[in-house]
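Colleague: TSV, C-alpha atoms, file final-v2.tsv:
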chain	number	residue	atom	x	y	z
A	272	MET	CA	-221.95	-49.00	-116.33
A	273	ASN	CA	-221.28	-48.87	-112.62
A	274	ALA	CA	-219.99	-45.68	-111.06
A	275	LEU	CA	-218.52	-45.62	-107.58
A	276	GLY	CA	-219.62	-42.05	-107.00
A	277	ARG	CA	-221.92	-39.25	-108.11
A	278	HIS	CA	-220.47	-35.74	-108.12
A	279	VAL	CA	-222.79	-32.77	-108.56
A	280	LEU	CA	-221.20	-29.38	-109.31
A	281	ALA	CA	-223.56	-26.48	-108.70
A	282	GLU	CA	-223.19	-22.79	-109.56
A	283	MET	CA	-225.41	-20.77	-107.24
A	284	TYR	CA	-225.83	-17.16	-108.32
A	285	VAL	CA	-227.95	-14.31	-106.94
A	286	CYS	CA	-227.66	-15.62	-103.38
A	287	ASP	CA	-228.17	-13.75	-100.11
A	288	PRO	CA	-224.74	-12.12	-99.71
A	289	ARG	CA	-225.04	-11.86	-95.92
A	290	ALA	CA	-225.55	-15.61	-95.62
A	291	LEU	CA	-222.54	-16.23	-97.89
A	292	ASP	CA	-220.26	-14.12	-95.71
A	293	ASP	CA	-221.12	-15.61	-92.32
A	294	VAL	CA	-219.04	-18.69	-91.58
A	295	GLU	CA	-221.42	-20.07	-88.95
A	296	THR	CA	-224.41	-19.67	-91.27
A	297	VAL	CA	-222.58	-21.36	-94.14
A	298	ARG	CA	-221.41	-24.20	-91.89
A	299	ASP	CA	-224.91	-24.74	-90.48
A	300	ILE	CA	-226.39	-24.76	-93.99
A	301	MET	CA	-223.85	-27.28	-95.30
A	302	VAL	CA	-224.07	-29.61	-92.29
A	303	GLY	CA	-227.85	-29.28	-92.29
A	304	ALA	CA	-228.01	-30.18	-95.98
A	305	ALA	CA	-225.86	-33.26	-95.38
A	306	ILE	CA	-228.13	-34.43	-92.58
A	307	LYS	CA	-231.28	-33.61	-94.56
A	308	ALA	CA	-229.98	-35.77	-97.42
A	309	GLY	CA	-229.49	-38.65	-94.99
A	310	ALA	CA	-225.69	-38.49	-94.83
A	311	GLU	CA	-223.57	-39.30	-91.81
A	312	VAL	CA	-221.29	-36.36	-90.92
A	313	ARG	CA	-217.69	-37.32	-90.08
A	314	GLU	CA	-215.55	-34.17	-90.22
A	315	VAL	CA	-216.32	-30.47	-90.61
A	316	ALA	CA	-213.77	-27.82	-91.66
A	317	PHE	CA	-214.70	-24.21	-92.45
A	318	HIS	CA	-212.69	-21.07	-92.90
A	319	LYS	CA	-213.64	-17.37	-93.07
A	320	PHE	CA	-211.55	-15.19	-95.34
A	321	ASN	CA	-210.78	-11.51	-95.04
A	322	PRO	CA	-212.19	-9.25	-96.28
A	323	GLN	CA	-214.93	-11.64	-97.34
A	324	GLY	CA	-215.85	-15.17	-98.34
A	325	VAL	CA	-216.10	-18.57	-96.73
A	326	SER	CA	-214.65	-21.95	-97.71
A	327	GLY	CA	-215.65	-25.18	-96.11
A	328	VAL	CA	-216.07	-28.90	-96.41
A	329	VAL	CA	-218.19	-31.53	-94.71
A	330	VAL	CA	-216.69	-35.01	-94.92
A	331	ILE	CA	-219.50	-37.57	-94.77
A	332	SER	CA	-219.47	-41.35	-94.69
A	333	GLU	CA	-220.72	-41.15	-98.25
A	334	SER	CA	-217.93	-38.70	-99.45
A	335	HIS	CA	-218.16	-34.89	-99.15
A	336	LEU	CA	-219.88	-31.54	-99.56
A	337	ALA	CA	-217.79	-28.44	-100.34
A	338	VAL	CA	-218.57	-24.75	-100.70
A	339	HIS	CA	-216.70	-21.58	-101.63
A	340	THR	CA	-218.51	-18.27	-101.47
A	341	TRP	CA	-217.98	-14.88	-103.11
A	342	PRO	CA	-220.43	-12.60	-101.26
A	343	GLU	CA	-219.38	-9.66	-103.44
A	344	PHE	CA	-220.83	-11.51	-106.45
A	345	GLY	CA	-223.69	-13.23	-104.59
A	346	TYR	CA	-222.11	-16.46	-105.82
A	347	ALA	CA	-221.41	-19.84	-104.22
A	348	ALA	CA	-219.57	-22.75	-105.83
A	349	VAL	CA	-220.98	-25.95	-104.35
A	350	ASP	CA	-220.04	-29.55	-104.99
A	351	VAL	CA	-221.56	-32.66	-103.46
A	352	PHE	CA	-219.95	-36.07	-103.92
A	353	THR	CA	-221.78	-39.18	-102.76
A	354	CYS	CA	-221.17	-42.91	-103.02
A	355	GLY	CA	-223.66	-45.66	-102.40
A	356	ASP	CA	-227.43	-45.63	-102.84
A	357	LYS	CA	-228.40	-44.16	-99.49
A	358	VAL	CA	-227.80	-40.48	-100.19
A	359	ASP	CA	-228.95	-38.50	-103.24
A	360	PRO	CA	-226.54	-35.59	-103.85
A	361	TRP	CA	-229.34	-33.56	-105.43
A	362	ASP	CA	-231.25	-33.49	-102.12
A	363	ALA	CA	-228.27	-31.75	-100.54
A	364	VAL	CA	-227.79	-29.38	-103.50
A	365	ASN	CA	-231.44	-28.35	-103.43
A	366	ALA	CA	-231.36	-27.76	-99.68
A	367	ILE	CA	-228.24	-25.57	-100.00
A	368	ALA	CA	-229.68	-23.54	-102.89
A	369	ASP	CA	-232.86	-22.92	-100.88
A	370	SER	CA	-230.89	-21.87	-97.80
A	371	PHE	CA	-228.71	-19.44	-99.77
A	372	ARG	CA	-231.91	-18.14	-101.42
A	373	SER	CA	-230.24	-18.52	-104.79
A	374	LYS	CA	-232.35	-17.22	-107.66
A	375	GLN	CA	-230.17	-18.74	-110.38
A	376	VAL	CA	-228.73	-22.24	-110.12
A	377	THR	CA	-227.09	-24.39	-112.74
A	378	ALA	CA	-225.77	-27.82	-111.89
A	379	SER	CA	-224.56	-30.99	-113.49
A	380	GLU	CA	-223.80	-34.50	-112.30
A	381	ILE	CA	-220.61	-36.33	-113.16
A	382	LYS	CA	-220.15	-40.06	-112.65
A	383	ARG	CA	-216.93	-40.82	-110.76
A	384	GLY	CA	-214.96	-44.07	-110.76
A	385	VAL	CA	-216.55	-45.98	-113.59
A	386	ILE	CA	-215.62	-49.65	-113.38
A	387	ILE	CA	-216.63	-51.79	-116.36
A	388	ASP	CA	-216.77	-55.56	-116.09
A	389	VAL	CA	-215.82	-57.15	-119.42
A	390	GLY	CA	-216.30	-60.87	-119.10
A	391	LYS	CA	-214.11	-61.99	-116.23
A	392	GLU	CA	-211.82	-59.03	-116.55
A	393	ARG	CA	-212.33	-55.87	-114.60
A	394	VAL	CA	-211.45	-52.80	-116.61
A	395	ALA	CA	-211.09	-49.29	-115.28
A	396	ALA	CA	-212.43	-46.57	-117.54
A	397	GLY	CA	-211.94	-42.88	-116.91
B	257	MET	CA	-214.83	-14.90	-120.02
B	258	ASN	CA	-213.69	-14.63	-116.43
B	259	ALA	CA	-214.01	-17.59	-114.12
B	260	LEU	CA	-213.67	-17.25	-110.36
B	261	GLY	CA	-212.34	-20.78	-110.01
B	262	ARG	CA	-210.77	-23.73	-111.79
B	263	HIS	CA	-211.95	-27.19	-110.73
B	264	VAL	CA	-210.05	-30.25	-111.91
B	265	LEU	CA	-211.72	-33.65	-111.47
B	266	ALA	CA	-209.27	-36.54	-111.77
B	267	GLU	CA	-209.91	-40.27	-111.95
B	268	MET	CA	-206.81	-42.10	-110.76
B	269	TYR	CA	-206.85	-45.82	-111.55
B	270	VAL	CA	-204.26	-48.56	-111.03
B	271	CYS	CA	-202.87	-46.87	-107.93
B	272	ASP	CA	-200.82	-48.41	-105.11
B	273	PRO	CA	-203.60	-49.91	-102.95
B	274	ARG	CA	-201.55	-49.77	-99.76
B	275	ALA	CA	-201.06	-46.02	-100.13
B	276	LEU	CA	-204.79	-45.57	-100.76
B	277	ASP	CA	-205.72	-47.39	-97.54
B	278	ASP	CA	-203.40	-45.58	-95.15
B	279	VAL	CA	-204.95	-42.39	-93.84
B	280	GLU	CA	-201.65	-40.80	-92.82
B	281	THR	CA	-200.10	-41.51	-96.20
B	282	VAL	CA	-203.11	-40.09	-98.03
B	283	ARG	CA	-203.17	-37.00	-95.80
B	284	ASP	CA	-199.43	-36.41	-96.29
B	285	ILE	CA	-199.78	-36.80	-100.06
B	286	MET	CA	-202.69	-34.35	-100.27
B	287	VAL	CA	-201.15	-31.74	-97.97
B	288	GLY	CA	-197.80	-32.15	-99.74
B	289	ALA	CA	-199.43	-31.65	-103.13
B	290	ALA	CA	-201.13	-28.48	-101.89
B	291	ILE	CA	-197.83	-27.08	-100.65
B	292	LYS	CA	-195.98	-28.18	-103.78
B	293	ALA	CA	-198.53	-26.30	-105.89
B	294	GLY	CA	-197.89	-23.17	-103.83
B	295	ALA	CA	-201.15	-23.22	-101.89
B	296	GLU	CA	-201.61	-22.04	-98.31
B	297	VAL	CA	-203.11	-24.82	-96.16
B	298	ARG	CA	-205.91	-23.66	-93.82
B	299	GLU	CA	-207.78	-26.76	-92.59
B	300	VAL	CA	-207.20	-30.51	-92.93
B	301	ALA	CA	-209.87	-33.17	-92.35
B	302	PHE	CA	-209.32	-36.86	-93.11
B	303	HIS	CA	-211.23	-39.98	-92.22
B	304	LYS	CA	-210.39	-43.71	-92.45
B	305	PHE	CA	-213.24	-46.05	-93.22
B	306	ASN	CA	-213.68	-49.67	-92.21
B	307	PRO	CA	-212.96	-52.07	-93.72
B	308	GLN	CA	-211.10	-49.88	-96.21
B	309	GLY	CA	-210.87	-46.50	-97.88
B	310	VAL	CA	-209.97	-42.95	-96.94
B	311	SER	CA	-211.80	-39.66	-97.46
B	312	GLY	CA	-210.25	-36.31	-96.86
B	313	VAL	CA	-210.12	-32.66	-97.69
B	314	VAL	CA	-207.51	-29.93	-97.50
B	315	VAL	CA	-209.02	-26.46	-97.33
B	316	ILE	CA	-206.55	-23.96	-98.80
B	317	SER	CA	-206.65	-20.18	-99.09
B	318	GLU	CA	-207.21	-20.79	-102.80
B	319	SER	CA	-210.18	-23.26	-102.26
B	320	HIS	CA	-209.73	-27.05	-101.70
B	321	LEU	CA	-208.31	-30.46	-102.54
B	322	ALA	CA	-210.45	-33.56	-101.91
B	323	VAL	CA	-209.84	-37.29	-102.21
B	324	HIS	CA	-211.85	-40.48	-101.82
B	325	THR	CA	-210.09	-43.81	-102.19
B	326	TRP	CA	-211.24	-47.33	-103.01
B	327	PRO	CA	-208.15	-49.47	-102.33
B	328	GLU	CA	-210.05	-52.59	-103.44
B	329	PHE	CA	-210.22	-51.11	-106.95
B	330	GLY	CA	-206.89	-49.28	-106.85
B	331	TYR	CA	-208.93	-46.15	-107.51
B	332	ALA	CA	-208.86	-42.61	-106.12
B	333	ALA	CA	-211.34	-39.84	-106.97
B	334	VAL	CA	-209.48	-36.54	-106.67
B	335	ASP	CA	-210.69	-33.01	-107.17
B	336	VAL	CA	-208.72	-29.80	-106.87
B	337	PHE	CA	-210.45	-26.42	-106.86
B	338	THR	CA	-208.37	-23.25	-107.03
B	339	CYS	CA	-209.11	-19.56	-107.35
B	340	GLY	CA	-206.72	-16.82	-108.28
B	341	ASP	CA	-203.61	-16.99	-110.44
B	342	LYS	CA	-201.14	-18.12	-107.81
B	343	VAL	CA	-201.89	-21.85	-107.77
B	344	ASP	CA	-202.27	-24.15	-110.78
B	345	PRO	CA	-204.60	-27.04	-109.87
B	346	TRP	CA	-202.82	-29.30	-112.37
B	347	ASP	CA	-199.58	-29.06	-110.36
B	348	ALA	CA	-201.40	-30.57	-107.39
B	349	VAL	CA	-203.17	-33.22	-109.52
B	350	ASN	CA	-199.89	-34.32	-111.08
B	351	ALA	CA	-198.17	-34.53	-107.69
B	352	ILE	CA	-201.01	-36.65	-106.27
B	353	ALA	CA	-201.05	-39.03	-109.26
B	354	ASP	CA	-197.29	-39.50	-108.94
B	355	SER	CA	-197.53	-40.18	-105.22
B	356	PHE	CA	-200.33	-42.73	-105.66
B	357	ARG	CA	-198.26	-44.29	-108.48
B	358	SER	CA	-201.34	-44.22	-110.67
B	359	LYS	CA	-200.82	-45.86	-114.05
B	360	GLN	CA	-204.06	-44.56	-115.56
B	361	VAL	CA	-205.28	-41.03	-115.01
B	362	THR	CA	-208.03	-39.13	-116.75
B	363	ALA	CA	-208.87	-35.59	-115.73
B	364	SER	CA	-210.78	-32.56	-116.87
B	365	GLU	CA	-210.98	-28.93	-115.85
B	366	ILE	CA	-214.24	-27.11	-115.28
B	367	LYS	CA	-214.49	-23.34	-114.99
B	368	ARG	CA	-216.46	-22.30	-111.90
B	369	GLY	CA	-218.28	-19.02	-111.33
B	370	VAL	CA	-218.24	-17.44	-114.73
B	371	ILE	CA	-219.02	-13.74	-114.49
B	372	ILE	CA	-219.59	-11.97	-117.79
B	373	ASP	CA	-219.40	-8.22	-118.05
B	374	VAL	CA	-221.82	-6.93	-120.66
B	375	GLY	CA	-221.27	-3.21	-121.02
B	376	LYS	CA	-221.83	-1.73	-117.58
B	377	GLU	CA	-223.98	-4.60	-116.44
B	378	ARG	CA	-222.54	-7.60	-114.65
B	379	VAL	CA	-224.29	-10.81	-115.64
B	380	ALA	CA	-223.94	-14.16	-113.94
B	381	ALA	CA	-223.81	-17.13	-116.27
B	382	GLY	CA	-223.92	-20.71	-115.10
Take the structure in the file and write it out as structure tokens.

Modeller:
Amino acid sequence: MNALGRHVLAEMYVCDPRALDDVETVRDIMVGAAIKAGAEVREVAFHKFNPQGVSGVVVISESHLAVHTWPEFGYAAVDVFTCGDKVDPWDAVNAIADSFRSKQVTASEIKRGVIIDVGKERVAAG
Amino acid sequence: MNALGRHVLAEMYVCDPRALDDVETVRDIMVGAAIKAGAEVREVAFHKFNPQGVSGVVVISESHLAVHTWPEFGYAAVDVFTCGDKVDPWDAVNAIADSFRSKQVTASEIKRGVIIDVGKERVAAG
């Protein structure tokens, strides 16, 4: 089974709420995690909401990292999508969890774009 | 069970490869799907890769839409994350699949940020 991408969805609870509510901090953490994981950053888009919360995405050559924060719950929804063998999405997820000082993380990896070769025929399987 | 967000991951196979390889088309489709679903667009970041493929994200008030395309396989990996009751992520996913003329779509919804109230105590469950 060959997958084109790996998509890790991470629930980060019991985070530092001040970090979650500061758009520059969140952006620096997400971009830093991308670089730490060996990704090449292409586009960065972050937005601060009123009264609280930050949403943002880092587009990388190897796909993307996204975050949405709820400081009032100490919660961040993080997802990291990578393609290719160069970048491990878990390196980025771990770096983000550390930076948010999350004390409770659950995460799972989903294979994206599974292409199965059956004999000479290429079959797409979802 | 209350979830803060709904995250739909969609595998779109057998798409129009020309649409998947044109960054303006992909951006218009993603932004159009966000608007069609009733979302408020905040930030847009798209990138065209060489020799082929497009990655991009639309940050909306209600979270995000992301896409990564592999025109050589006729495949697009789409994910739509929404919070609140105003926007249904499936409206956006259906609009995107139609626009890419995908003939084979599989998708699933994942609840994000589940906060369980147990008596007076708020408990985070991942």

Colleague: First superpose chain B onto chain A using a least-squares fit over all Cα atoms taken in order; then report the RMSD in Å.

Modeller: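 Once chain B is fitted onto chain A, the C-alpha RMSD works out to 0.0 Å.
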
Colleague: Skipping near chain neighbours, those fewer than 3 positions away, what residues fall within 7 Å of region 273-278 of chain A using only C-alpha atoms, listed as a list in words?

Modeller: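 What passes the distance filter is Asp350, Val351, Phe352, Thr353, Cys354, Glu380, Ile381, Lys382, Arg383, Gly384, Val385, Ile386 and Ile387 of chain A.
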
Colleague: Using only C-alpha atoms, find the residues of chain B whose closest atom to chain A is at most 10 Å away, then write them as a ChimeraX atom specification.

Modeller: /B:260-261,263,265-270,298-305,310-326,329-334,337,339,360-363,366,368-371,378-382

Colleague: Output C-alpha atoms of each residue in that selection to a file, as an mmCIF file, in the frame of the given file.

Modeller:
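What landed in part-v2.cif:
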data_model
loop_
_atom_site.group_PDB
_atom_site.id
_atom_site.type_symbol
_atom_site.label_atom_id
_atom_site.label_comp_id
_atom_site.auth_asym_id
_atom_site.auth_seq_id
_atom_site.Cartn_x
_atom_site.Cartn_y
_atom_site.Cartn_z
ATOM 1 C CA LEU B 260 -213.670 -17.250 -110.360
ATOM 2 C CA GLY B 261 -212.340 -20.780 -110.010
ATOM 3 C CA HIS B 263 -211.950 -27.190 -110.730
ATOM 4 C CA LEU B 265 -211.720 -33.650 -111.470
ATOM 5 C CA ALA B 266 -209.270 -36.540 -111.770
ATOM 6 C CA GLU B 267 -209.910 -40.270 -111.950
ATOM 7 C CA MET B 268 -206.810 -42.100 -110.760
ATOM 8 C CA TYR B 269 -206.850 -45.820 -111.550
ATOM 9 C CA VAL B 270 -204.260 -48.560 -111.030
ATOM 10 C CA ARG B 298 -205.910 -23.660 -93.820
ATOM 11 C CA GLU B 299 -207.780 -26.760 -92.590
ATOM 12 C CA VAL B 300 -207.200 -30.510 -92.930
ATOM 13 C CA ALA B 301 -209.870 -33.170 -92.350
ATOM 14 C CA PHE B 302 -209.320 -36.860 -93.110
ATOM 15 C CA HIS B 303 -211.230 -39.980 -92.220
ATOM 16 C CA LYS B 304 -210.390 -43.710 -92.450
ATOM 17 C CA PHE B 305 -213.240 -46.050 -93.220
ATOM 18 C CA VAL B 310 -209.970 -42.950 -96.940
ATOM 19 C CA SER B 311 -211.800 -39.660 -97.460
ATOM 20 C CA GLY B 312 -210.250 -36.310 -96.860
ATOM 21 C CA VAL B 313 -210.120 -32.660 -97.690
ATOM 22 C CA VAL B 314 -207.510 -29.930 -97.500
ATOM 23 C CA VAL B 315 -209.020 -26.460 -97.330
ATOM 24 C CA ILE B 316 -206.550 -23.960 -98.800
ATOM 25 C CA SER B 317 -206.650 -20.180 -99.090
ATOM 26 C CA GLU B 318 -207.210 -20.790 -102.800
ATOM 27 C CA SER B 319 -210.180 -23.260 -102.260
ATOM 28 C CA HIS B 320 -209.730 -27.050 -101.700
ATOM 29 C CA LEU B 321 -208.310 -30.460 -102.540
ATOM 30 C CA ALA B 322 -210.450 -33.560 -101.910
ATOM 31 C CA VAL B 323 -209.840 -37.290 -102.210
ATOM 32 C CA HIS B 324 -211.850 -40.480 -101.820
ATOM 33 C CA THR B 325 -210.090 -43.810 -102.190
ATOM 34 C CA TRP B 326 -211.240 -47.330 -103.010
ATOM 35 C CA PHE B 329 -210.220 -51.110 -106.950
ATOM 36 C CA GLY B 330 -206.890 -49.280 -106.850
ATOM 37 C CA TYR B 331 -208.930 -46.150 -107.510
ATOM 38 C CA ALA B 332 -208.860 -42.610 -106.120
ATOM 39 C CA ALA B 333 -211.340 -39.840 -106.970
ATOM 40 C CA VAL B 334 -209.480 -36.540 -106.670
ATOM 41 C CA PHE B 337 -210.450 -26.420 -106.860
ATOM 42 C CA CYS B 339 -209.110 -19.560 -107.350
ATOM 43 C CA GLN B 360 -204.060 -44.560 -115.560
ATOM 44 C CA VAL B 361 -205.280 -41.030 -115.010
ATOM 45 C CA THR B 362 -208.030 -39.130 -116.750
ATOM 46 C CA ALA B 363 -208.870 -35.590 -115.730
ATOM 47 C CA ILE B 366 -214.240 -27.110 -115.280
ATOM 48 C CA ARG B 368 -216.460 -22.300 -111.900
ATOM 49 C CA GLY B 369 -218.280 -19.020 -111.330
ATOM 50 C CA VAL B 370 -218.240 -17.440 -114.730
ATOM 51 C CA ILE B 371 -219.020 -13.740 -114.490
ATOM 52 C CA ARG B 378 -222.540 -7.600 -114.650
ATOM 53 C CA VAL B 379 -224.290 -10.810 -115.640
ATOM 54 C CA ALA B 380 -223.940 -14.160 -113.940
ATOM 55 C CA ALA B 381 -223.810 -17.130 -116.270
ATOM 56 C CA GLY B 382 -223.920 -20.710 -115.100
#

Colleague: Using all atoms listed in the file, pick whichever of A:Asp359, A:Lys374, A:Gly324, A:Val297 has the shortest atom-to-atom distance to Pro342 (chain A).

Modeller: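 For Pro342 (chain A), the nearest of the given residues is A:Gly324.
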
Colleague: When you count all atoms listed in the file, which of these residues is closest to Val349 (chain B): B:Glu328, B:Asp272, B:Thr281, B:Lys292?

Modeller: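 Of B:Glu328, B:Asp272, B:Thr281, B:Lys292, the one nearest Val349 (chain B), counting all atoms listed in the file, is B:Lys292.
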
Colleague: What gap, in Å, lies between CA of Pro345 (chain B) and CA of Val264 (chain B)?

Modeller: 6.6 Å

Colleague: Calculate how many Å separate CA of Gly303 (chain A) from CA of Ala366 (chain A), rounding to one decimal.

Modeller: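 Going from CA of Gly303 (chain A) over to CA of Ala366 (chain A) covers 8.3 Å.
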
Colleague: May I ask for the distance between CA of Val287 (chain B) and CA of Asp347 (chain B), given in Å to one decimal place?

Modeller: 12.8 Å

Colleague: Because the input lacks atoms here, generate N, CA and C atoms for region 350-368 of chain A and report them as a tab-separated table (two decimals), in the coordinates of the input.

Modeller:
chain	number	residue	atom	x	y	z
A	350	ASP	N	-220.08	-28.21	-104.41
A	350	ASP	CA	-220.04	-29.55	-104.99
A	350	ASP	C	-220.36	-30.59	-103.94
A	351	VAL	N	-221.13	-31.58	-104.36
A	351	VAL	CA	-221.56	-32.66	-103.46
A	351	VAL	C	-221.22	-33.99	-104.11
A	352	PHE	N	-220.41	-34.77	-103.42
A	352	PHE	CA	-219.95	-36.07	-103.92
A	352	PHE	C	-220.54	-37.13	-103.00
A	353	THR	N	-221.24	-38.09	-103.58
A	353	THR	CA	-221.78	-39.18	-102.76
A	353	THR	C	-221.44	-40.52	-103.39
A	354	CYS	N	-221.27	-41.53	-102.54
A	354	CYS	CA	-221.17	-42.91	-103.02
A	354	CYS	C	-222.26	-43.71	-102.33
A	355	GLY	N	-222.60	-44.82	-102.95
A	355	GLY	CA	-223.66	-45.66	-102.40
A	355	GLY	C	-225.03	-45.17	-102.83
A	356	ASP	N	-226.05	-45.93	-102.42
A	356	ASP	CA	-227.43	-45.63	-102.84
A	356	ASP	C	-228.23	-44.88	-101.78
A	357	LYS	N	-227.63	-44.68	-100.62
A	357	LYS	CA	-228.40	-44.16	-99.49
A	357	LYS	C	-228.67	-42.65	-99.62
A	358	VAL	N	-227.69	-41.94	-100.15
A	358	VAL	CA	-227.80	-40.48	-100.19
A	358	VAL	C	-227.86	-39.99	-101.64
A	359	ASP	N	-228.83	-39.11	-101.91
A	359	ASP	CA	-228.95	-38.50	-103.24
A	359	ASP	C	-228.30	-37.12	-103.18
A	360	PRO	N	-227.22	-36.89	-103.95
A	360	PRO	CA	-226.54	-35.59	-103.85
A	360	PRO	C	-227.44	-34.42	-104.20
A	361	TRP	N	-228.45	-34.65	-105.03
A	361	TRP	CA	-229.34	-33.56	-105.43
A	361	TRP	C	-230.19	-33.07	-104.26
A	362	ASP	N	-230.50	-33.94	-103.31
A	362	ASP	CA	-231.25	-33.49	-102.12
A	362	ASP	C	-230.43	-32.44	-101.37
A	363	ALA	N	-229.12	-32.71	-101.23
A	363	ALA	CA	-228.27	-31.75	-100.54
A	363	ALA	C	-228.14	-30.45	-101.34
A	364	VAL	N	-227.94	-30.57	-102.65
A	364	VAL	CA	-227.79	-29.38	-103.50
A	364	VAL	C	-229.04	-28.50	-103.44
A	365	ASN	N	-230.19	-29.12	-103.50
A	365	ASN	CA	-231.44	-28.35	-103.43
A	365	ASN	C	-231.60	-27.65	-102.08
A	366	ALA	N	-231.25	-28.35	-101.02
A	366	ALA	CA	-231.36	-27.76	-99.68
A	366	ALA	C	-230.42	-26.55	-99.55
A	367	ILE	N	-229.21	-26.68	-100.08
A	367	ILE	CA	-228.24	-25.57	-100.00
A	367	ILE	C	-228.72	-24.37	-100.82
A	368	ALA	N	-229.19	-24.63	-102.03
A	368	ALA	CA	-229.68	-23.54	-102.89
A	368	ALA	C	-230.84	-22.80	-102.21
